[in-house]
>>> print(open('query_11.cif').read())   # mmCIF, C-alpha atoms
data_start
loop_
_atom_site.group_PDB
_atom_site.id
_atom_site.type_symbol
_atom_site.label_atom_id
_atom_site.label_comp_id
_atom_site.auth_asym_id
_atom_site.auth_seq_id
_atom_site.Cartn_x
_atom_site.Cartn_y
_atom_site.Cartn_z
ATOM 1 C CA MET A 1 18.611 29.689 3.381
ATOM 2 C CA THR A 2 16.203 27.625 5.489
ATOM 3 C CA THR A 3 17.558 24.313 6.755
ATOM 4 C CA LEU A 4 15.455 21.357 5.712
ATOM 5 C CA PRO A 5 13.853 19.382 8.564
ATOM 6 C CA LEU A 6 15.214 15.993 9.523
ATOM 7 C CA VAL A 7 13.228 13.111 8.026
ATOM 8 C CA HIS A 8 12.442 10.183 10.336
ATOM 9 C CA ILE A 9 11.664 6.996 8.405
ATOM 10 C CA LEU A 10 9.395 4.517 10.216
ATOM 11 C CA PHE A 11 10.104 1.124 8.638
ATOM 12 C CA GLU A 12 10.388 -2.619 9.129
ATOM 13 C CA ASN A 13 11.819 -3.760 5.784
ATOM 14 C CA GLU A 14 15.319 -2.482 5.024
ATOM 15 C CA ALA A 15 15.183 -3.871 1.479
ATOM 16 C CA TRP A 16 12.798 -1.085 0.439
ATOM 17 C CA LEU A 17 14.780 1.859 1.821
ATOM 18 C CA GLU A 18 17.614 2.509 -0.626
ATOM 19 C CA PRO A 19 15.545 4.182 -3.400
ATOM 20 C CA LEU A 20 13.759 6.361 -0.840
ATOM 21 C CA GLU A 21 16.970 7.420 0.858
ATOM 22 C CA THR A 22 18.620 8.136 -2.488
ATOM 23 C CA GLY A 23 15.702 10.393 -3.413
ATOM 24 C CA LEU A 24 15.789 12.187 -0.063
ATOM 25 C CA ALA A 25 19.539 12.766 -0.287
ATOM 26 C CA ALA A 26 19.206 14.111 -3.840
ATOM 27 C CA GLU A 27 16.754 16.739 -2.548
ATOM 28 C CA GLY A 28 19.065 17.723 0.295
ATOM 29 C CA PHE A 29 17.340 15.981 3.202
ATOM 30 C CA SER A 30 19.088 14.388 6.146
ATOM 31 C CA PHE A 31 17.289 11.346 7.495
ATOM 32 C CA ARG A 32 17.378 8.625 10.095
ATOM 33 C CA ARG A 33 15.860 5.167 10.273
ATOM 34 C CA VAL A 34 13.393 4.214 13.001
ATOM 35 C CA LYS A 35 12.793 0.472 12.902
ATOM 36 C CA LEU A 36 9.465 -0.613 14.363
ATOM 37 C CA ASN A 37 9.538 -4.342 14.855
ATOM 38 C CA GLU A 38 9.861 -4.420 18.617
ATOM 39 C CA GLY A 39 11.027 -1.879 21.177
ATOM 40 C CA ILE A 40 10.002 0.559 23.912
ATOM 41 C CA LEU A 41 7.627 3.517 23.615
ATOM 42 C CA ASP A 42 7.598 5.999 26.491
ATOM 43 C CA PRO A 43 4.480 8.192 26.180
ATOM 44 C CA SER A 44 5.963 10.698 28.657
ATOM 45 C CA GLN A 45 8.695 11.563 26.170
ATOM 46 C CA THR A 46 8.324 14.127 23.377
ATOM 47 C CA PRO A 47 9.024 12.883 19.840
ATOM 48 C CA ALA A 48 11.695 14.630 17.816
ATOM 49 C CA GLU A 49 10.655 17.415 15.492
ATOM 50 C CA GLY A 50 10.863 17.044 11.739
ATOM 51 C CA ILE A 51 9.001 15.075 9.091
ATOM 52 C CA TRP A 52 7.959 11.534 9.967
ATOM 53 C CA LEU A 53 7.440 9.099 7.072
ATOM 54 C CA ASN A 54 5.269 6.061 7.712
ATOM 55 C CA ARG A 55 6.710 3.164 5.702
ATOM 56 C CA LEU A 56 5.159 0.350 7.737
ATOM 57 C CA SER A 57 3.641 -2.434 5.668
ATOM 58 C CA PRO A 58 0.636 -4.738 6.143
ATOM 59 C CA SER A 59 2.875 -7.564 4.926
ATOM 60 C CA SER A 60 5.343 -7.119 7.808
ATOM 61 C CA HIS A 61 4.226 -10.396 9.407
ATOM 62 C CA THR A 62 5.448 -12.294 6.343
ATOM 63 C CA ARG A 63 8.988 -11.175 7.227
ATOM 64 C CA GLY A 64 8.775 -12.348 10.831
ATOM 65 C CA HIS A 65 7.747 -8.921 12.147
ATOM 66 C CA ASP A 66 4.499 -9.978 13.760
ATOM 67 C CA THR A 67 4.275 -7.026 16.167
ATOM 68 C CA THR A 68 5.056 -4.176 13.746
ATOM 69 C CA VAL A 69 1.438 -3.233 13.053
ATOM 70 C CA ALA A 70 0.482 -3.202 16.741
ATOM 71 C CA LEU A 71 3.532 -1.142 17.701
ATOM 72 C CA GLY A 72 3.059 1.113 14.691
ATOM 73 C CA ARG A 73 -0.475 2.007 15.759
ATOM 74 C CA GLU A 74 0.732 3.113 19.196
ATOM 75 C CA PHE A 75 3.696 4.987 17.751
ATOM 76 C CA LEU A 76 1.586 6.916 15.251
ATOM 77 C CA ALA A 77 -0.926 7.841 17.964
ATOM 78 C CA TRP A 78 1.975 9.184 20.038
ATOM 79 C CA LEU A 79 3.273 11.274 17.146
ATOM 80 C CA HIS A 80 -0.161 12.694 16.376
ATOM 81 C CA ALA A 81 -0.788 13.500 20.043
ATOM 82 C CA HIS A 82 2.300 15.705 19.957
ATOM 83 C CA GLY A 83 1.335 17.379 16.693
ATOM 84 C CA ARG A 84 4.179 15.932 14.661
ATOM 85 C CA ARG A 85 4.008 16.037 10.860
ATOM 86 C CA VAL A 86 3.413 12.485 9.700
ATOM 87 C CA VAL A 87 3.212 11.533 6.029
ATOM 88 C CA ASN A 88 0.608 8.759 5.661
ATOM 89 C CA GLY A 89 -0.362 8.954 9.298
ATOM 90 C CA GLN A 90 -3.041 7.271 11.371
ATOM 91 C CA ASN A 91 -5.974 7.300 8.950
ATOM 92 C CA ALA A 92 -3.876 6.284 5.951
ATOM 93 C CA PHE A 93 -2.302 3.506 8.018
ATOM 94 C CA GLU A 94 -5.638 2.114 9.190
ATOM 95 C CA LEU A 95 -6.911 2.091 5.609
ATOM 96 C CA GLU A 96 -3.867 0.199 4.428
ATOM 97 C CA MET A 97 -4.281 -2.366 7.189
ATOM 98 C CA SER A 98 -7.887 -3.181 6.184
ATOM 99 C CA LYS A 99 -9.159 -4.035 2.726
ATOM 100 C CA THR A 100 -12.690 -3.749 4.124
ATOM 101 C CA ARG A 101 -12.088 -0.118 5.067
ATOM 102 C CA GLN A 102 -10.510 0.491 1.673
ATOM 103 C CA ASP A 103 -13.631 -0.781 -0.040
ATOM 104 C CA THR A 104 -15.785 1.521 2.088
ATOM 105 C CA ALA A 105 -13.581 4.544 1.352
ATOM 106 C CA LEU A 106 -13.567 3.814 -2.387
ATOM 107 C CA ARG A 107 -17.356 3.463 -2.462
ATOM 108 C CA ARG A 108 -17.754 6.784 -0.658
ATOM 109 C CA GLN A 109 -16.029 8.418 -3.629
ATOM 110 C CA GLY A 110 -18.297 6.656 -6.132
ATOM 111 C CA ILE A 111 -15.477 4.393 -7.293
ATOM 112 C CA VAL A 112 -16.625 0.993 -8.557
ATOM 113 C CA THR A 113 -15.267 -1.963 -6.569
ATOM 114 C CA PRO A 114 -15.835 -5.722 -6.846
ATOM 115 C CA LYS A 115 -18.440 -7.200 -4.526
ATOM 116 C CA THR A 116 -16.551 -7.602 -1.248
ATOM 117 C CA LEU A 117 -17.456 -9.421 1.971
ATOM 118 C CA LEU A 118 -15.519 -9.923 5.197
ATOM 119 C CA ALA A 119 -16.091 -13.080 7.205
ATOM 120 C CA ILE A 120 -14.696 -14.781 10.305
ATOM 121 C CA GLY A 121 -15.470 -18.349 11.271
ATOM 122 C CA HIS A 122 -16.120 -21.478 9.229
ATOM 123 C CA ASP A 123 -19.897 -21.231 8.932
ATOM 124 C CA HIS A 124 -19.837 -17.536 8.110
ATOM 125 C CA LEU A 125 -17.150 -18.061 5.478
ATOM 126 C CA VAL A 126 -19.315 -20.681 3.765
ATOM 127 C CA GLU A 127 -22.364 -18.423 4.048
ATOM 128 C CA ALA A 128 -20.451 -15.541 2.476
ATOM 129 C CA ALA A 129 -19.175 -17.733 -0.362
ATOM 130 C CA ALA A 130 -22.743 -18.754 -1.196
ATOM 131 C CA GLN A 131 -23.579 -15.099 -1.928
ATOM 132 C CA PHE A 132 -21.413 -15.027 -5.070
ATOM 133 C CA GLN A 133 -23.023 -15.946 -8.365
ATOM 134 C CA GLY A 134 -19.734 -16.748 -10.103
ATOM 135 C CA PRO A 135 -16.036 -17.222 -9.315
ATOM 136 C CA PHE A 136 -14.624 -15.393 -6.319
ATOM 137 C CA ILE A 137 -11.238 -14.864 -4.749
ATOM 138 C CA THR A 138 -10.158 -14.827 -1.131
ATOM 139 C CA LYS A 139 -7.471 -12.715 0.492
ATOM 140 C CA HIS A 140 -6.442 -11.559 3.939
ATOM 141 C CA ASN A 141 -8.080 -8.391 5.233
ATOM 142 C CA GLN A 142 -4.606 -7.284 6.325
ATOM 143 C CA GLY A 143 -2.747 -8.301 3.241
ATOM 144 C CA GLY A 144 0.218 -7.275 1.184
ATOM 145 C CA LYS A 145 2.240 -8.538 -1.782
ATOM 146 C CA GLY A 146 -0.769 -10.477 -3.080
ATOM 147 C CA LEU A 147 0.088 -13.382 -0.815
ATOM 148 C CA GLY A 148 -2.744 -15.725 0.057
ATOM 149 C CA ILE A 149 -4.943 -14.864 -2.919
ATOM 150 C CA GLN A 150 -6.947 -17.901 -4.008
ATOM 151 C CA LEU A 151 -9.491 -18.314 -6.818
ATOM 152 C CA PHE A 152 -12.585 -20.481 -6.318
ATOM 153 C CA HIS A 153 -15.307 -21.542 -8.744
ATOM 154 C CA SER A 154 -17.640 -23.192 -6.224
ATOM 155 C CA VAL A 155 -18.652 -23.067 -2.591
ATOM 156 C CA SER A 156 -17.779 -26.743 -2.156
ATOM 157 C CA ALA A 157 -14.203 -26.184 -3.351
ATOM 158 C CA PHE A 158 -13.875 -23.246 -0.972
ATOM 159 C CA GLU A 159 -15.261 -25.221 1.970
ATOM 160 C CA LYS A 160 -12.847 -28.043 1.270
ATOM 161 C CA TYR A 161 -9.995 -25.520 1.320
ATOM 162 C CA ILE A 162 -10.933 -23.877 4.640
ATOM 163 C CA GLU A 163 -11.211 -27.301 6.245
ATOM 164 C CA SER A 164 -7.736 -28.302 5.061
ATOM 165 C CA ASP A 165 -4.315 -27.746 6.608
ATOM 166 C CA ALA A 166 -3.521 -25.396 3.699
ATOM 167 C CA PHE A 167 -6.002 -22.783 4.923
ATOM 168 C CA ASP A 168 -4.318 -19.576 6.125
ATOM 169 C CA ALA A 169 -6.567 -17.136 7.987
ATOM 170 C CA GLY A 170 -3.955 -14.383 7.871
ATOM 171 C CA PRO A 171 -2.536 -12.308 10.726
ATOM 172 C CA ASP A 172 -5.884 -11.351 12.279
ATOM 173 C CA GLY A 173 -8.294 -14.091 11.178
ATOM 174 C CA LYS A 174 -10.299 -11.786 8.914
ATOM 175 C CA ILE A 175 -10.913 -13.187 5.432
ATOM 176 C CA ILE A 176 -12.049 -11.161 2.441
ATOM 177 C CA LEU A 177 -14.182 -12.819 -0.229
ATOM 178 C CA GLN A 178 -14.301 -10.787 -3.412
ATOM 179 C CA GLN A 179 -15.943 -11.063 -6.806
ATOM 180 C CA TYR A 180 -13.443 -12.314 -9.384
ATOM 181 C CA ILE A 181 -13.052 -9.904 -12.304
ATOM 182 C CA LYS A 182 -11.678 -11.674 -15.347
ATOM 183 C CA PRO A 183 -9.653 -9.292 -17.539
ATOM 184 C CA PRO A 184 -9.406 -9.807 -21.304
ATOM 185 C CA GLN A 185 -5.618 -9.652 -20.897
ATOM 186 C CA PRO A 186 -3.645 -10.891 -17.849
ATOM 187 C CA TYR A 187 -2.698 -7.623 -16.199
ATOM 188 C CA ILE A 188 -3.812 -5.094 -13.616
ATOM 189 C CA THR A 189 -3.120 -1.357 -13.603
ATOM 190 C CA ARG A 190 -1.472 0.534 -10.762
ATOM 191 C CA VAL A 191 -1.817 4.324 -10.493
ATOM 192 C CA GLU A 192 0.723 6.200 -8.371
ATOM 193 C CA ILE A 193 -0.372 9.357 -6.533
ATOM 194 C CA VAL A 194 2.007 11.637 -4.607
ATOM 195 C CA GLY A 195 0.831 14.746 -2.795
ATOM 196 C CA GLY A 196 -2.474 14.882 -4.663
ATOM 197 C CA ARG A 197 -0.765 14.593 -8.035
ATOM 198 C CA PHE A 198 -0.641 11.824 -10.645
ATOM 199 C CA VAL A 199 2.910 10.492 -11.050
ATOM 200 C CA LEU A 200 2.597 7.431 -13.287
ATOM 201 C CA ALA A 201 0.435 4.474 -14.261
ATOM 202 C CA MET A 202 1.840 1.000 -14.796
ATOM 203 C CA ARG A 203 0.523 -2.317 -16.032
ATOM 204 C CA SER A 204 1.552 -5.365 -13.990
ATOM 205 C CA SER A 205 1.349 -8.805 -15.570
ATOM 206 C CA THR A 206 -0.524 -11.412 -13.518
ATOM 207 C CA GLU A 207 0.587 -14.381 -15.627
ATOM 208 C CA GLN A 208 2.885 -15.610 -12.845
ATOM 209 C CA GLY A 209 0.542 -14.777 -9.965
ATOM 210 C CA PHE A 210 -0.468 -11.815 -7.852
ATOM 211 C CA GLU A 211 2.759 -11.153 -5.936
ATOM 212 C CA LEU A 212 3.213 -7.818 -7.668
ATOM 213 C CA CYS A 213 5.422 -5.730 -5.380
ATOM 214 C CA PRO A 214 7.095 -3.361 -7.880
ATOM 215 C CA SER A 215 10.230 -2.715 -5.814
ATOM 216 C CA ASP A 216 13.393 -3.843 -7.598
ATOM 217 C CA ALA A 217 14.392 -5.646 -4.389
ATOM 218 C CA CYS A 218 11.242 -7.748 -4.733
ATOM 219 C CA GLN A 219 12.356 -9.060 -8.107
ATOM 220 C CA VAL A 220 15.200 -11.111 -6.593
ATOM 221 C CA PRO A 221 13.759 -14.379 -5.237
ATOM 222 C CA SER A 222 16.962 -15.389 -3.441
ATOM 223 C CA ALA A 223 17.592 -12.072 -1.721
ATOM 224 C CA GLY A 224 16.579 -13.329 1.698
ATOM 225 C CA PRO A 225 13.702 -13.158 4.210
ATOM 226 C CA ASP A 226 13.309 -9.371 4.020
ATOM 227 C CA VAL A 227 12.453 -9.485 0.313
ATOM 228 C CA CYS A 228 9.068 -10.424 -1.082
ATOM 229 C CA PRO A 229 9.422 -13.418 -3.421
ATOM 230 C CA ALA A 230 8.196 -12.074 -6.763
ATOM 231 C CA ASP A 231 9.758 -13.084 -10.054
ATOM 232 C CA GLY A 232 10.161 -10.857 -13.043
ATOM 233 C CA GLY A 233 13.205 -8.583 -12.952
ATOM 234 C CA GLY A 234 11.093 -5.668 -14.179
ATOM 235 C CA SER A 235 9.759 -7.384 -17.320
ATOM 236 C CA LYS A 236 6.327 -7.871 -15.743
ATOM 237 C CA PHE A 237 5.788 -4.075 -15.729
ATOM 238 C CA SER A 238 4.838 -1.965 -18.744
ATOM 239 C CA GLN A 239 3.489 1.519 -19.366
ATOM 240 C CA SER A 240 -0.248 2.135 -19.154
ATOM 241 C CA ASP A 241 -2.173 4.579 -21.317
ATOM 242 C CA VAL A 242 -3.912 5.969 -18.205
ATOM 243 C CA THR A 243 -3.132 9.681 -17.799
ATOM 244 C CA ALA A 244 -3.623 12.417 -15.198
ATOM 245 C CA ASP A 245 -6.869 13.652 -16.747
ATOM 246 C CA ASP A 246 -8.515 10.213 -16.647
ATOM 247 C CA PRO A 247 -11.765 10.532 -14.631
ATOM 248 C CA LEU A 248 -10.799 7.537 -12.498
ATOM 249 C CA VAL A 249 -7.449 9.128 -11.647
ATOM 250 C CA GLN A 250 -9.261 12.288 -10.605
ATOM 251 C CA GLN A 251 -11.453 10.178 -8.312
ATOM 252 C CA TYR A 252 -8.316 8.635 -6.817
ATOM 253 C CA ILE A 253 -6.866 12.091 -6.152
ATOM 254 C CA ARG A 254 -10.068 13.179 -4.384
ATOM 255 C CA LEU A 255 -10.014 9.957 -2.368
ATOM 256 C CA CYS A 256 -6.435 10.579 -1.243
ATOM 257 C CA LYS A 257 -7.212 14.141 -0.189
ATOM 258 C CA THR A 258 -10.321 13.072 1.714
ATOM 259 C CA GLU A 259 -8.577 10.223 3.520
ATOM 260 C CA ASN A 260 -5.279 12.068 4.186
ATOM 261 C CA ILE A 261 -3.286 9.685 2.020
ATOM 262 C CA GLU A 262 -0.282 11.522 0.634
ATOM 263 C CA VAL A 263 1.422 8.627 -1.126
ATOM 264 C CA ALA A 264 -0.425 5.684 -2.676
ATOM 265 C CA GLY A 265 -0.363 3.095 -5.405
ATOM 266 C CA ILE A 266 -3.995 2.288 -6.260
ATOM 267 C CA GLU A 267 -4.827 -0.788 -8.335
ATOM 268 C CA PHE A 268 -7.690 -1.589 -10.670
ATOM 269 C CA VAL A 269 -8.607 -4.352 -13.082
ATOM 270 C CA GLU A 270 -10.682 -3.946 -16.242
ATOM 271 C CA ASP A 271 -13.197 -6.564 -17.355
ATOM 272 C CA GLU A 272 -14.007 -7.636 -20.908
ATOM 273 C CA ASN A 273 -16.678 -4.920 -21.161
ATOM 274 C CA GLY A 274 -14.288 -2.134 -20.241
ATOM 275 C CA GLN A 275 -15.634 -1.661 -16.695
ATOM 276 C CA ARG A 276 -12.841 -0.841 -14.256
ATOM 277 C CA TYR A 277 -12.944 -2.202 -10.703
ATOM 278 C CA THR A 278 -10.661 -0.739 -8.050
ATOM 279 C CA TYR A 279 -9.648 -3.159 -5.315
ATOM 280 C CA ASP A 280 -6.485 -2.085 -3.479
ATOM 281 C CA ILE A 281 -4.819 0.994 -1.944
ATOM 282 C CA ASN A 282 -1.093 0.636 -1.206
ATOM 283 C CA GLY A 283 0.156 3.320 1.164
ATOM 284 C CA THR A 284 3.610 1.791 1.523
ATOM 285 C CA THR A 285 4.022 2.019 -2.212
ATOM 286 C CA ASN A 286 7.241 1.060 -3.962
ATOM 287 C CA TYR A 287 8.380 1.857 -7.482
ATOM 288 C CA SER A 288 10.136 -0.228 -10.096
ATOM 289 C CA GLY A 289 13.464 1.444 -10.821
ATOM 290 C CA VAL A 290 13.758 -0.498 -14.078
ATOM 291 C CA PHE A 291 10.355 0.689 -15.249
ATOM 292 C CA GLY A 292 10.924 4.216 -13.944
ATOM 293 C CA GLU A 293 14.160 4.546 -15.858
ATOM 294 C CA LYS A 294 12.410 3.348 -18.994
ATOM 295 C CA ILE A 295 9.706 6.037 -18.826
ATOM 296 C CA GLY A 296 11.876 8.736 -17.257
ATOM 297 C CA VAL A 297 10.071 8.955 -13.906
ATOM 298 C CA ASP A 298 11.787 8.325 -10.564
ATOM 299 C CA GLY A 299 8.924 7.722 -8.137
ATOM 300 C CA MET A 300 10.917 8.148 -4.945
ATOM 301 C CA ARG A 301 12.564 11.317 -6.267
ATOM 302 C CA GLU A 302 9.096 12.691 -7.013
ATOM 303 C CA PHE A 303 8.126 11.856 -3.450
ATOM 304 C CA ALA A 304 11.217 13.615 -2.074
ATOM 305 C CA ARG A 305 10.452 16.653 -4.241
ATOM 306 C CA TYR A 306 6.964 16.779 -2.756
ATOM 307 C CA LEU A 307 8.459 16.801 0.728
ATOM 308 C CA ARG A 308 10.811 19.623 -0.219
ATOM 309 C CA SER A 309 8.327 21.763 -2.161
ATOM 310 C CA THR A 310 5.216 21.292 -0.014
ATOM 311 C CA VAL A 311 5.670 19.489 3.309
ATOM 312 C CA ALA A 312 8.868 21.175 4.526
ATOM 313 C CA PRO A 313 7.733 24.779 3.773
ATOM 314 C CA ALA A 314 4.358 24.155 5.443
ATOM 315 C CA LEU A 315 6.120 22.760 8.509
ATOM 316 C CA GLU A 316 8.362 25.837 8.639
ATOM 317 C CA ARG A 317 5.360 28.162 8.419
ATOM 318 C CA THR A 318 3.714 26.288 11.280
ATOM 319 C CA LYS A 319 6.814 26.756 13.435
ATOM 320 C CA VAL A 320 6.986 30.473 12.657
ATOM 321 C CA THR A 321 3.287 30.945 13.480
ATOM 322 C CA ALA A 322 3.664 29.031 16.755
ATOM 323 C CA ALA A 323 6.635 31.190 17.725
#
>>> encode(input="query_11.cif", output="structure tokens")
Amino acid sequence: MTTLPLVHILFENEAWLEPLETGLAAEGFSFRRVKLNEGILDPSQTPAEGIWLNRLSPSSHTRGHDTTVALGREFLAWLHAHGRRVVNGQNAFELEMSKTRQDTALRRQGIVTPKTLLAIGHDHLVEAAAQFQGPFITKHNQGGKGLGIQLFHSVSAFEKYIESDAFDAGPDGKIILQQYIKPPQPYITRVEIVGGRFVLAMRSSTEQGFELCPSDACQVPSAGPDVCPADGGGSKFSQSDVTADDPLVQQYIRLCKTENIEVAGIEFVEDENGQRYTYDINGTTNYSGVFGEKIGVDGMREFARYLRSTVAPALERTKVTAA
């Protein structure tokens, strides 16, 4: 019997790890945590063999981990230079760190997105806002958790905001202005893809805002600084009627294969005419355990099964061929 490779988990938020580690253990994997907040990287050293999982989040700065993204970029480049097997590696990571790049990747696949502009600097922000015919929202180009999303109905209101002390330019100063899509009901839909396969689709209520991290840890407001402050306890999530054979899902699967994204939660909103607009790709996806139990799907277990059935055997074949 072939021994499963060791799984190295690149992370910065411990609160998200338990479901993943439970799934890995259930499939027989041994694993270790590699925290990337600060540290030392010696490029002359050779990284350990095994499967490397990238669980670094664009929202890391909101937990006081301001250097995670910068260190993560160097670490992933080091792993790739040594030919290590990385799940959601460099390209997937760069897409997750930039909503502008996400929009470009989605458009390349013919997927409809809201009108999206990136701007830096006061005058350019005002100029960009003037290009929208109706309401628009702003968000950080490197975002996460829905934090910082603001809705504006006029350029003057937006200009007043960016001139106020309340204005937050985000971790890198890049602001996204995006067409506001008003849904007939207050929810968005999130489609989960693992290893090029549809796993589940979930509706997330937006009645209490856009902080929609589905992790069960994120539903506990008082759980501390390493937990994103979303209310709901699982009640904000419900089953969607989107299925694997939905044409949009098939576009998402092609997108993931093209962009080397092995795990993703992709979000869309539907307007009153039934047009669906895709606006976000979450590579560091989490799953609601409460919702998963309700529909009989354990997202992290599905992920671990993918590693066991596909990634680990392919890695073993590579080693045998190299030998």
>>> atom_distance(input="query_11.cif", atom1="atom CA of A:Asn260", atom2="atom CA of A:Met202")
23.1 Å
>>> residues_around(input="query_11.cif", residues="stretch 240-254 of chain A", least_positions_apart="6", cutoff="7 Å", atoms="all atoms listed in the file", output="PyMOL selection string")
chain A and resi 109+196-198+201-203
>>> atom_distance(input="query_11.cif", atom1="atom CA of A:Cys256", atom2="atom CA of A:Pro19")
23.0 Å
>>> closest_residue(input="query_11.cif", among="A:Arg101, A:Arg63, A:Ile51, A:Lys294", to="A:Arg85", atoms="only C-alpha atoms")
A:Ile51
>>> residues_around(input="query_11.cif", residues="stretch 65-67 of chain A", least_positions_apart="2", cutoff="12 Å", atoms="all atoms listed in the file", output="PyMOL selection string")
chain A and resi 11-13+35-39+56-63+69-74+170-172+225-226
>>> atom_distance(input="query_11.cif", atom1="atom CA of A:Phe291", atom2="atom CA of A:Gly23")
16.2 Å
>>> resolve_selection(input="query_11.cif", expression="the PyMOL selection byres ((chain A and resi 10) around 6)", output="JSON, numbers by chain")
{"A": [9, 11, 34, 35, 53, 54, 55]}
>>> residues_around(input="query_11.cif", residues="A:Leu6", least_positions_apart="4", cutoff="7 Å", atoms="all atoms listed in the file", output="list in words")
Phe29, Ser30, Phe31, Gly50 and Ile51 of chain A
>>> residues_around(input="query_11.cif", residues="A:Ala129", least_positions_apart="4", cutoff="8 Å", atoms="all atoms listed in the file", output="ChimeraX atom specification")
/A:125,136,155,158,177
>>> residues_around(input="query_11.cif", residues="A:Trp78", least_positions_apart="3", cutoff="10 Å", atoms="all atoms listed in the file", output="list in words")
Leu41, Asp42, Pro43, Ser44, Gln45, Thr46, Pro47, Gly72, Arg73, Glu74, Phe75, Ala81, His82, Gly83 and Arg84 of chain A
>>> closest_residue(input="query_11.cif", among="A:Thr104, A:Ser164, A:Gln275, A:Asn141", to="A:Lys182", atoms="only C-alpha atoms")
A:Gln275
>>> resolve_selection(input="query_11.cif", expression="the PyMOL selection byres ((chain A and resi 188) around 8)", output="ChimeraX atom specification")
/A:186-187,189-190,203-206,267-270
>>> closest_residue(input="query_11.cif", among="A:Glu259, A:Glu49, A:Glu302, A:Glu14", to="A:Glu94", atoms="all atoms listed in the file")
A:Glu259
>>> closest_residue(input="query_11.cif", among="A:Ala130, A:Val290, A:Ala169, A:Met300", to="A:Lys236", atoms="only C-alpha atoms")
A:Val290
